[in-house]
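Source file: start-v3.pdb. Holds: PDB, C-alpha atoms.
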```pdb
ATOM      1  CA  MET A   1     156.432 169.068 107.108
ATOM      2  CA  SER A   2     152.692 168.861 107.454
ATOM      3  CA  THR A   3     151.158 172.251 106.860
ATOM      4  CA  ASN A   4     147.654 173.044 105.728
ATOM      5  CA  GLU A   5     148.554 176.101 103.722
ATOM      6  CA  HIS A   6     151.230 176.610 101.134
ATOM      7  CA  PRO A   7     153.360 179.701 101.849
ATOM      8  CA  LEU A   8     152.556 181.171  98.442
ATOM      9  CA  ASP A   9     148.839 180.828  99.030
ATOM     10  CA  ALA A  10     149.105 182.302 102.515
ATOM     11  CA  LEU A  11     151.005 185.270 101.104
ATOM     12  CA  GLY A  12     148.431 185.858  98.386
ATOM     13  CA  ASP A  13     146.614 188.219 100.733
ATOM     14  CA  PRO A  14     148.079 191.762 100.893
ATOM     15  CA  THR A  15     147.400 192.204 104.619
ATOM     16  CA  ARG A  16     149.123 188.919 105.383
ATOM     17  CA  ARG A  17     152.108 189.976 103.304
ATOM     18  CA  ARG A  18     152.213 193.201 105.334
ATOM     19  CA  VAL A  19     152.040 191.259 108.606
ATOM     20  CA  PHE A  20     154.935 189.111 107.418
ATOM     21  CA  GLU A  21     156.950 192.204 106.448
ATOM     22  CA  LEU A  22     156.406 193.743 109.877
ATOM     23  CA  LEU A  23     157.615 190.537 111.529
ATOM     24  CA  GLN A  24     160.770 190.592 109.388
ATOM     25  CA  GLY A  25     161.606 193.718 111.383
ATOM     26  CA  GLY A  26     161.428 191.789 114.648
ATOM     27  CA  SER A  27     158.958 189.922 116.815
ATOM     28  CA  ARG A  28     155.677 191.615 117.682
ATOM     29  CA  SER A  29     152.507 190.978 119.644
ATOM     30  CA  VAL A  30     149.021 190.961 118.117
ATOM     31  CA  GLY A  31     148.369 194.384 119.655
ATOM     32  CA  GLU A  32     151.544 195.862 118.194
ATOM     33  CA  LEU A  33     150.729 194.477 114.762
ATOM     34  CA  ALA A  34     147.158 195.804 114.939
ATOM     35  CA  SER A  35     148.423 199.292 115.828
ATOM     36  CA  GLU A  36     150.494 199.335 112.629
ATOM     37  CA  LEU A  37     147.796 197.994 110.335
ATOM     38  CA  PRO A  38     144.345 199.236 109.309
ATOM     39  CA  VAL A  39     142.706 196.079 110.640
ATOM     40  CA  SER A  40     141.308 194.929 113.978
ATOM     41  CA  ARG A  41     143.086 192.698 116.487
ATOM     42  CA  PRO A  42     140.793 189.731 115.721
ATOM     43  CA  ALA A  43     141.588 190.176 112.039
ATOM     44  CA  VAL A  44     145.320 190.250 112.794
ATOM     45  CA  SER A  45     144.925 187.074 114.858
ATOM     46  CA  GLN A  46     143.165 185.391 111.960
ATOM     47  CA  HIS A  47     145.927 186.368 109.530
ATOM     48  CA  LEU A  48     148.573 185.145 111.970
ATOM     49  CA  ARG A  49     146.794 181.820 112.206
ATOM     50  CA  VAL A  50     146.947 181.365 108.422
ATOM     51  CA  LEU A  51     150.611 182.385 108.340
ATOM     52  CA  GLU A  52     151.361 179.925 111.131
ATOM     53  CA  LEU A  53     149.590 177.107 109.313
ATOM     54  CA  ALA A  54     151.766 177.888 106.294
ATOM     55  CA  GLY A  55     154.863 177.645 108.466
ATOM     56  CA  LEU A  56     155.847 181.269 107.826
ATOM     57  CA  VAL A  57     155.247 182.567 111.335
ATOM     58  CA  THR A  58     155.681 181.089 114.776
ATOM     59  CA  HIS A  59     154.957 182.380 118.262
ATOM     60  CA  ARG A  60     156.347 182.127 121.740
ATOM     61  CA  ARG A  61     154.878 183.097 125.041
ATOM     62  CA  GLN A  62     156.368 186.068 126.839
ATOM     63  CA  GLY A  63     154.700 186.789 130.158
ATOM     64  CA  THR A  64     150.994 187.154 129.493
ATOM     65  CA  ARG A  65     151.226 187.709 125.746
ATOM     66  CA  ASN A  66     152.299 185.860 122.619
ATOM     67  CA  LEU A  67     155.110 187.238 120.530
ATOM     68  CA  TYR A  68     155.034 186.380 116.832
ATOM     69  CA  GLU A  69     158.092 186.076 114.603
ATOM     70  CA  VAL A  70     159.194 184.840 111.188
ATOM     71  CA  ASP A  71     159.553 181.052 111.042
ATOM     72  CA  ARG A  72     162.499 180.196 108.837
ATOM     73  CA  SER A  73     161.116 176.779 107.977
ATOM     74  CA  GLY A  74     158.351 178.452 105.935
ATOM     75  CA  VAL A  75     160.895 180.543 104.059
ATOM     76  CA  ALA A  76     162.862 177.350 103.433
ATOM     77  CA  GLU A  77     159.732 175.773 101.988
ATOM     78  CA  LEU A  78     159.288 178.752  99.679
ATOM     79  CA  ARG A  79     162.891 178.288  98.582
ATOM     80  CA  ASN A  80     162.278 174.603  97.917
ATOM     81  CA  TRP A  81     159.274 175.448  95.813
ATOM     82  CA  VAL A  82     161.423 177.830  93.741
ATOM     83  CA  ASP A  83     164.005 175.032  93.448
ATOM     84  CA  GLY A  84     161.378 172.803  91.846
ATOM     85  CA  PHE A  85     160.217 175.619  89.626
ATOM     86  CA  TRP A  86     163.711 176.092  88.163
ATOM     87  CA  ASN A  87     163.968 172.379  87.365
ATOM     88  CA  GLU A  88     160.890 172.692  85.197
ATOM     89  CA  ALA A  89     161.772 176.099  83.731
ATOM     90  CA  LEU A  90     165.364 175.125  82.838
ATOM     91  CA  ALA A  91     164.197 171.916  81.157
ATOM     92  CA  ARG A  92     161.924 174.073  79.006
ATOM     93  CA  PHE A  93     164.769 176.520  78.382
ATOM     94  CA  LYS A  94     167.123 173.713  77.297
ATOM     95  CA  ALA A  95     164.548 172.368  74.846
ATOM     96  CA  ALA A  96     163.913 175.831  73.400
ATOM     97  CA  ALA A  97     167.606 176.731  73.092
ATOM     98  CA  GLU A  98     168.446 173.452  71.331
ATOM     99  CA  ARG A  99     165.487 173.845  68.992
ATOM    100  CA  LYS A 100     166.540 177.415  68.082
ATOM    101  CA  GLY A 101     170.157 176.309  67.754
ATOM    102  CA  GLU A 102     169.139 173.757  65.133
ATOM    103  CA  GLU A 103     167.040 176.258  63.199
ATOM    104  CA  SER A 104     169.853 178.799  62.851
TER     105      SER A 104
ATOM    106  CA  MET B   1     165.285 176.272 117.197
ATOM    107  CA  SER B   2     164.387 177.716 113.834
ATOM    108  CA  ASP B   3     167.214 180.297 113.925
ATOM    109  CA  ALA B   4     169.733 177.523 113.348
ATOM    110  CA  LEU B   5     168.270 176.729 109.958
ATOM    111  CA  VAL B   6     170.458 177.861 107.077
ATOM    112  CA  ILE B   7     168.567 178.502 103.858
ATOM    113  CA  GLU B   8     170.887 177.739 100.999
ATOM    114  CA  ALA B   9     170.736 179.284  97.578
ATOM    115  CA  VAL B  10     168.993 177.339  94.819
ATOM    116  CA  ARG B  11     171.719 176.164  92.414
ATOM    117  CA  LYS B  12     171.173 174.491  89.055
ATOM    118  CA  THR B  13     173.568 173.455  86.336
ATOM    119  CA  ILE B  14     172.576 172.228  82.905
ATOM    120  CA  THR B  15     174.355 171.743  79.592
ATOM    121  CA  VAL B  16     172.628 173.007  76.493
ATOM    122  CA  ASP B  17     173.597 171.833  73.030
ATOM    123  CA  CYS B  18     174.052 175.222  71.371
ATOM    124  CA  LEU B  19     176.496 178.145  71.292
ATOM    125  CA  VAL B  20     176.927 180.417  74.324
ATOM    126  CA  GLU B  21     175.558 183.395  72.387
ATOM    127  CA  GLU B  22     172.478 181.421  71.383
ATOM    128  CA  ALA B  23     171.872 180.201  74.947
ATOM    129  CA  PHE B  24     172.114 183.722  76.334
ATOM    130  CA  ARG B  25     169.824 185.040  73.625
ATOM    131  CA  VAL B  26     167.150 182.399  74.153
ATOM    132  CA  PHE B  27     167.295 182.847  77.932
ATOM    133  CA  THR B  28     166.725 186.614  77.663
ATOM    134  CA  THR B  29     165.443 188.058  74.374
ATOM    135  CA  ASP B  30     163.536 184.897  73.529
ATOM    136  CA  ALA B  31     162.303 184.013  77.019
ATOM    137  CA  ILE B  32     158.737 183.866  75.712
ATOM    138  CA  SER B  33     159.702 180.638  73.905
ATOM    139  CA  TRP B  34     160.226 178.737  77.160
ATOM    140  CA  TRP B  35     159.043 180.645  80.225
ATOM    141  CA  PRO B  36     155.912 178.997  81.711
ATOM    142  CA  ILE B  37     153.800 182.148  81.438
ATOM    143  CA  ASP B  38     150.505 180.358  82.121
ATOM    144  CA  SER B  39     151.494 179.632  85.685
ATOM    145  CA  HIS B  40     154.343 182.071  86.339
ATOM    146  CA  SER B  41     153.398 185.511  85.147
ATOM    147  CA  ILE B  42     151.204 188.385  86.209
ATOM    148  CA  HIS B  43     148.780 188.210  83.281
ATOM    149  CA  GLY B  44     148.968 184.468  82.646
ATOM    150  CA  ASP B  45     148.287 183.275  79.119
ATOM    151  CA  GLU B  46     147.519 186.826  77.941
ATOM    152  CA  VAL B  47     151.260 187.518  77.934
ATOM    153  CA  THR B  48     152.652 187.777  74.415
ATOM    154  CA  GLU B  49     156.078 189.279  75.069
ATOM    155  CA  ILE B  50     158.825 189.223  77.709
ATOM    156  CA  VAL B  51     161.197 192.183  77.501
ATOM    157  CA  PHE B  52     164.741 192.296  78.908
ATOM    158  CA  GLU B  53     166.080 195.855  78.852
ATOM    159  CA  GLU B  54     169.636 195.091  77.876
ATOM    160  CA  ARG B  55     171.587 197.162  80.363
ATOM    161  CA  GLU B  56     172.456 197.356  84.030
ATOM    162  CA  GLY B  57     169.543 199.102  85.729
ATOM    163  CA  GLY B  58     167.151 197.937  83.027
ATOM    164  CA  GLU B  59     163.933 196.124  83.766
ATOM    165  CA  VAL B  60     162.440 192.812  82.846
ATOM    166  CA  TYR B  61     158.727 192.934  82.164
ATOM    167  CA  GLU B  62     155.906 191.106  80.466
ATOM    168  CA  VAL B  63     153.554 192.641  77.907
ATOM    169  CA  THR B  64     150.071 191.495  76.936
ATOM    170  CA  ALA B  65     148.562 191.644  73.447
ATOM    171  CA  ASP B  66     146.670 194.811  74.392
ATOM    172  CA  GLY B  67     149.749 196.498  75.810
ATOM    173  CA  ARG B  68     149.452 195.952  79.556
ATOM    174  CA  ARG B  69     152.784 195.584  81.297
ATOM    175  CA  GLY B  70     153.791 193.652  84.383
ATOM    176  CA  HIS B  71     157.216 194.132  85.878
ATOM    177  CA  TRP B  72     159.290 191.114  86.840
ATOM    178  CA  ALA B  73     162.790 192.116  87.815
ATOM    179  CA  SER B  74     165.587 194.665  87.670
ATOM    180  CA  VAL B  75     168.830 193.995  85.837
ATOM    181  CA  LEU B  76     171.745 194.179  88.288
ATOM    182  CA  ALA B  77     174.365 192.920  85.836
ATOM    183  CA  TRP B  78     174.180 192.550  82.056
ATOM    184  CA  GLU B  79     177.278 190.922  80.552
ATOM    185  CA  PRO B  80     176.263 189.159  77.345
ATOM    186  CA  PRO B  81     176.795 186.407  76.515
ATOM    187  CA  ASN B  82     178.297 185.182  79.804
ATOM    188  CA  ARG B  83     176.494 186.558  82.817
ATOM    189  CA  LEU B  84     173.235 188.050  83.989
ATOM    190  CA  VAL B  85     172.060 189.063  87.474
ATOM    191  CA  LEU B  86     168.492 190.017  88.294
ATOM    192  CA  ALA B  87     166.902 191.522  91.412
ATOM    193  CA  TRP B  88     163.664 189.650  91.646
ATOM    194  CA  ASN B  89     160.991 190.371  94.208
ATOM    195  CA  ILE B  90     158.885 187.299  94.639
ATOM    196  CA  LEU B  91     155.199 188.170  94.989
ATOM    197  CA  GLU B  92     156.059 191.725  93.925
ATOM    198  CA  ARG B  93     157.111 192.565  97.446
ATOM    199  CA  GLU B  94     160.353 193.994  98.666
ATOM    200  CA  ALA B  95     159.954 191.671 101.640
ATOM    201  CA  PHE B  96     160.762 188.867  99.206
ATOM    202  CA  ALA B  97     163.689 190.459  97.407
ATOM    203  CA  THR B  98     165.899 187.741  95.965
ATOM    204  CA  GLU B  99     168.646 187.610  93.350
ATOM    205  CA  VAL B 100     169.020 185.369  90.337
ATOM    206  CA  GLU B 101     172.433 184.994  88.699
ATOM    207  CA  VAL B 102     172.859 183.039  85.477
ATOM    208  CA  ARG B 103     176.234 182.222  83.920
ATOM    209  CA  PHE B 104     176.837 180.839  80.433
ATOM    210  CA  ALA B 105     180.153 179.201  79.520
ATOM    211  CA  ALA B 106     181.332 177.220  76.502
ATOM    212  CA  GLU B 107     182.189 173.616  77.213
ATOM    213  CA  GLU B 108     182.398 170.396  75.306
ATOM    214  CA  GLY B 109     178.950 169.561  74.013
ATOM    215  CA  GLY B 110     177.674 173.124  74.023
ATOM    216  CA  THR B 111     177.052 175.628  76.787
ATOM    217  CA  ARG B 112     177.134 175.103  80.503
ATOM    218  CA  VAL B 113     174.454 177.129  82.277
ATOM    219  CA  ASP B 114     174.793 177.763  86.002
ATOM    220  CA  LEU B 115     171.867 179.359  87.767
ATOM    221  CA  GLU B 116     171.864 180.583  91.357
ATOM    222  CA  HIS B 117     168.736 181.933  93.046
ATOM    223  CA  ARG B 118     169.842 183.411  96.359
ATOM    224  CA  GLY B 119     168.836 185.757  99.129
ATOM    225  CA  TRP B 120     166.580 183.436 101.142
ATOM    226  CA  GLU B 121     168.409 184.228 104.340
ATOM    227  CA  SER B 122     167.463 187.871 104.066
ATOM    228  CA  VAL B 123     163.810 186.995 103.422
ATOM    229  CA  ALA B 124     163.779 185.384 106.851
ATOM    230  CA  GLU B 125     165.506 188.256 108.591
ATOM    231  CA  ASP B 126     165.162 191.875 109.485
ATOM    232  CA  ARG B 127     165.420 193.815 106.260
ATOM    233  CA  VAL B 128     165.488 197.285 107.762
ATOM    234  CA  GLY B 129     169.207 197.636 107.284
ATOM    235  CA  LYS B 130     169.087 196.362 103.747
ATOM    236  CA  ARG B 131     166.125 198.323 102.549
ATOM    237  CA  GLY B 132     168.048 201.556 102.050
ATOM    238  CA  SER B 133     170.569 200.037  99.708
ATOM    239  CA  TYR B 134     167.855 198.317  97.717
ATOM    240  CA  ASP B 135     165.806 201.479  97.339
ATOM    241  CA  THR B 136     168.567 203.549  95.827
ATOM    242  CA  GLY B 137     169.100 203.084  92.140
ATOM    243  CA  TRP B 138     165.982 201.808  90.606
ATOM    244  CA  ASP B 139     162.506 200.739  91.463
ATOM    245  CA  HIS B 140     162.089 197.199  92.345
ATOM    246  CA  VAL B 141     160.156 194.796  90.563
ATOM    247  CA  LEU B 142     158.777 191.781  90.612
ATOM    248  CA  GLY B 143     157.830 188.366  89.597
ATOM    249  CA  ARG B 144     154.592 187.092  90.860
ATOM    250  CA  TYR B 145     153.190 183.679  91.216
ATOM    251  CA  GLU B 146     149.562 183.003  90.848
ATOM    252  CA  GLY B 147     147.758 181.793  93.921
ATOM    253  CA  ARG B 148     146.984 178.396  92.527
ATOM    254  CA  ILE B 149     150.608 177.389  92.151
ATOM    255  CA  GLY B 150     151.971 174.982  94.636
ATOM    256  CA  ARG B 151     148.697 173.405  95.611
TER     257      ARG B 151
END
```

Kindly present the structure from the file in structure tokens form.
Amino acid sequence: MSTNEHPLDALGDPTRRRVFELLQGGSRSVGELASELPVSRPAVSQHLRVLELAGLVTHRRQGTRNLYEVDRSGVAELRNWVDGFWNEALARFKAAAERKGEES
Amino acid sequence: MSDALVIEAVRKTITVDCLVEEAFRVFTTDAISWWPIDSHSIHGDEVTEIVFEEREGGEVYEVTADGRRGHWASVLAWEPPNRLVLAWNILEREAFATEVEVRFAAEEGGTRVDLEHRGWESVAEDRVGKRGSYDTGWDHVLGRYEGRIGR
């Protein structure tokens, strides 16, 4: 998957996290998102663009407006990142546990 | 169609050459000896202690040398030395509520450790129905990743 933003970086911004949370509750238009957030429509559009680049959000056209929704492929990427993290963390855990086991 | 994508739990199994009790202890009480705090904690390399409150409903949190705390997770199940379940909100947000279960079992050569990090499906879906059940009980908490990770 070729994305410009990593999901974790995209979600580093509190407003973007809030946008993502709102979309977990169902698809919404830019106007609907702006009415639920203390930011302007252009700002919401900008945040949506970053979330889309990270693969976390996608949109589809409905009539004259775009409806935004959670893109599961971005969540899957987040999951894959956590998968890699546990490989590293458990290798460290194994080394520590075996070291302590020898000491005792 | 992205809806067709199933997001499976992260599952890991390793064998550690030590007793079950020792493996459980190092994983929890002695997490500071192995957890990559520089990259995977709220206060980075200032963290000097990782505390597991040893009971269901307890919390897992980091502590810095000057006493600042950062919450990581809630303990959903505490069954030493065999099983541990944590409610872990990635990025400190309920929107990213996941669960980590770790099991420890004696086997030839030491201790088998099975880890499952699950709940990705619900991250991708409407959480409205779930939120109520998560809110009752205890406050949620929170592991956070620093922005630079994953670049």

| request: Please write as an NGL selection string the full residue list that the PyMOL selection byres ((chain A and resi 17) around 12) yields on this file. | output: (:A and (7-16 or 18-24 or 37 or 44 or 47-48 or 50-51 or 56-57 or 70)) or (:B and (90-96))

For the interface of chain A with chain B (cut-off 10 Å, counting only C-alpha atoms), please tabulate each contacting residue of chain A alongside its nearest pair of atoms and their separation in Å to one decimal, rows sorted by chain and increasing number, as CSV.
```
residue,atom,partner,partner_atom,distance
A:Glu5,CA,B:Arg151,CA,8.5
A:His6,CA,B:Gly150,CA,6.7
A:Pro7,CA,B:Gly150,CA,8.7
A:Leu8,CA,B:Gly147,CA,6.6
A:Asp9,CA,B:Gly147,CA,5.3
A:Ala10,CA,B:Gly147,CA,8.7
A:Leu11,CA,B:Leu91,CA,8.0
A:Gly12,CA,B:Gly147,CA,6.1
A:Asp13,CA,B:Gly147,CA,9.4
A:Pro14,CA,B:Arg93,CA,9.7
A:Arg17,CA,B:Arg93,CA,8.1
A:Arg18,CA,B:Ala95,CA,8.7
A:Phe20,CA,B:Ala95,CA,8.1
A:Glu21,CA,B:Ala95,CA,5.7
A:Leu22,CA,B:Asp126,CA,9.0
A:Leu23,CA,B:Asp126,CA,7.9
A:Gln24,CA,B:Asp126,CA,4.6
A:Gly25,CA,B:Asp126,CA,4.4
A:Gly26,CA,B:Asp126,CA,6.4
A:Ser27,CA,B:Asp126,CA,9.8
A:Leu56,CA,B:Ala124,CA,9.0
A:Thr58,CA,B:Ser2,CA,9.4
A:Glu69,CA,B:Ala124,CA,9.6
A:Val70,CA,B:Ala124,CA,6.3
A:Asp71,CA,B:Ser2,CA,6.5
A:Arg72,CA,B:Ala124,CA,5.7
A:Ser73,CA,B:Ser2,CA,6.8
A:Gly74,CA,B:Ala124,CA,8.9
A:Val75,CA,B:Ala124,CA,6.3
A:Ala76,CA,B:Ile7,CA,5.8
A:Glu77,CA,B:Ile7,CA,9.4
A:Leu78,CA,B:Trp120,CA,8.8
A:Arg79,CA,B:Trp120,CA,6.8
A:Asn80,CA,B:Val10,CA,7.9
A:Trp81,CA,B:Gly150,CA,7.4
A:Val82,CA,B:Val10,CA,7.7
A:Asp83,CA,B:Val10,CA,5.7
A:Gly84,CA,B:Val10,CA,9.3
A:Phe85,CA,B:His40,CA,9.3
A:Trp86,CA,B:Lys12,CA,7.7
A:Asn87,CA,B:Lys12,CA,7.7
A:Glu88,CA,B:Pro36,CA,8.8
A:Ala89,CA,B:Trp35,CA,6.4
A:Leu90,CA,B:Ile14,CA,7.8
A:Ala91,CA,B:Ile14,CA,8.6
A:Arg92,CA,B:Trp34,CA,5.3
A:Phe93,CA,B:Trp34,CA,5.2
A:Lys94,CA,B:Val16,CA,5.6
A:Ala95,CA,B:Trp34,CA,8.0
A:Ala96,CA,B:Trp34,CA,6.0
A:Ala97,CA,B:Val26,CA,5.8
A:Glu98,CA,B:Asp17,CA,5.7
A:Arg99,CA,B:Cys18,CA,9.0
A:Lys100,CA,B:Val26,CA,7.9
A:Gly101,CA,B:Cys18,CA,5.4
A:Glu102,CA,B:Cys18,CA,8.1
A:Ser104,CA,B:Glu22,CA,9.3
```

Which residues, written as a short mmCIF file (atom, residue, chain, number, x, y, z; two decimals) with C-alpha atoms, in the coordinates of the input, have at least one atom at most 7 Å from Thr48 (chain B), with only C-alpha atoms counted and residues fewer than 6 positions away on the same chain left out?
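Result written to result_27.cif:
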```cif
data_model
loop_
_atom_site.label_atom_id
_atom_site.label_comp_id
_atom_site.auth_asym_id
_atom_site.auth_seq_id
_atom_site.Cartn_x
_atom_site.Cartn_y
_atom_site.Cartn_z
CA VAL B 63 153.55 192.64 77.91
CA THR B 64 150.07 191.50 76.94
CA ALA B 65 148.56 191.64 73.45
#
```

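Using all atoms listed in the file, the protein and nucleic acid residues lying no more than 6 Å from Leu86 (chain B), apart from those fewer than 2 places from it along its own chain, are Ser74, Val75, Leu76, Trp88, Glu99 and Val100 of chain B.
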
Since we have the selection now, will you write its residues out, keeping C-alpha atoms, as a CSV table (one decimal), in the frame of the given file?
```csv
chain,number,residue,atom,x,y,z
B,74,SER,CA,165.6,194.7,87.7
B,75,VAL,CA,168.8,194.0,85.8
B,76,LEU,CA,171.7,194.2,88.3
B,88,TRP,CA,163.7,189.6,91.6
B,99,GLU,CA,168.6,187.6,93.4
B,100,VAL,CA,169.0,185.4,90.3
```

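Here the PyMOL selection byres ((chain B and resi 54) around 9) catches exactly these residues: Thr28, Thr29, Val51, Phe52, Glu53, Arg55, Glu56, Gly57, Gly58, Glu59, Val75, Trp78 and Pro80 of chain B.
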
| said: Would you compute the distance between CA of Val30 (chain A) and CA of His59 (chain A)? Give it in Å to one decimal. | reply: 10.4 Å

| query | Given the file above and the PyMOL selection byres ((chain A and resi 29) around 6), which residues are selected, and can you give them as a ChimeraX atom specification? | reply | /A:28,30-32,66-68

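Interatomic distance, CA of Glu107 (chain B) against CA of Glu79 (chain B): 18.3 Å.
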
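With CA of Pro38 (chain A) on one side and CA of Thr64 (chain A) on the other, the separation reads 24.4 Å.
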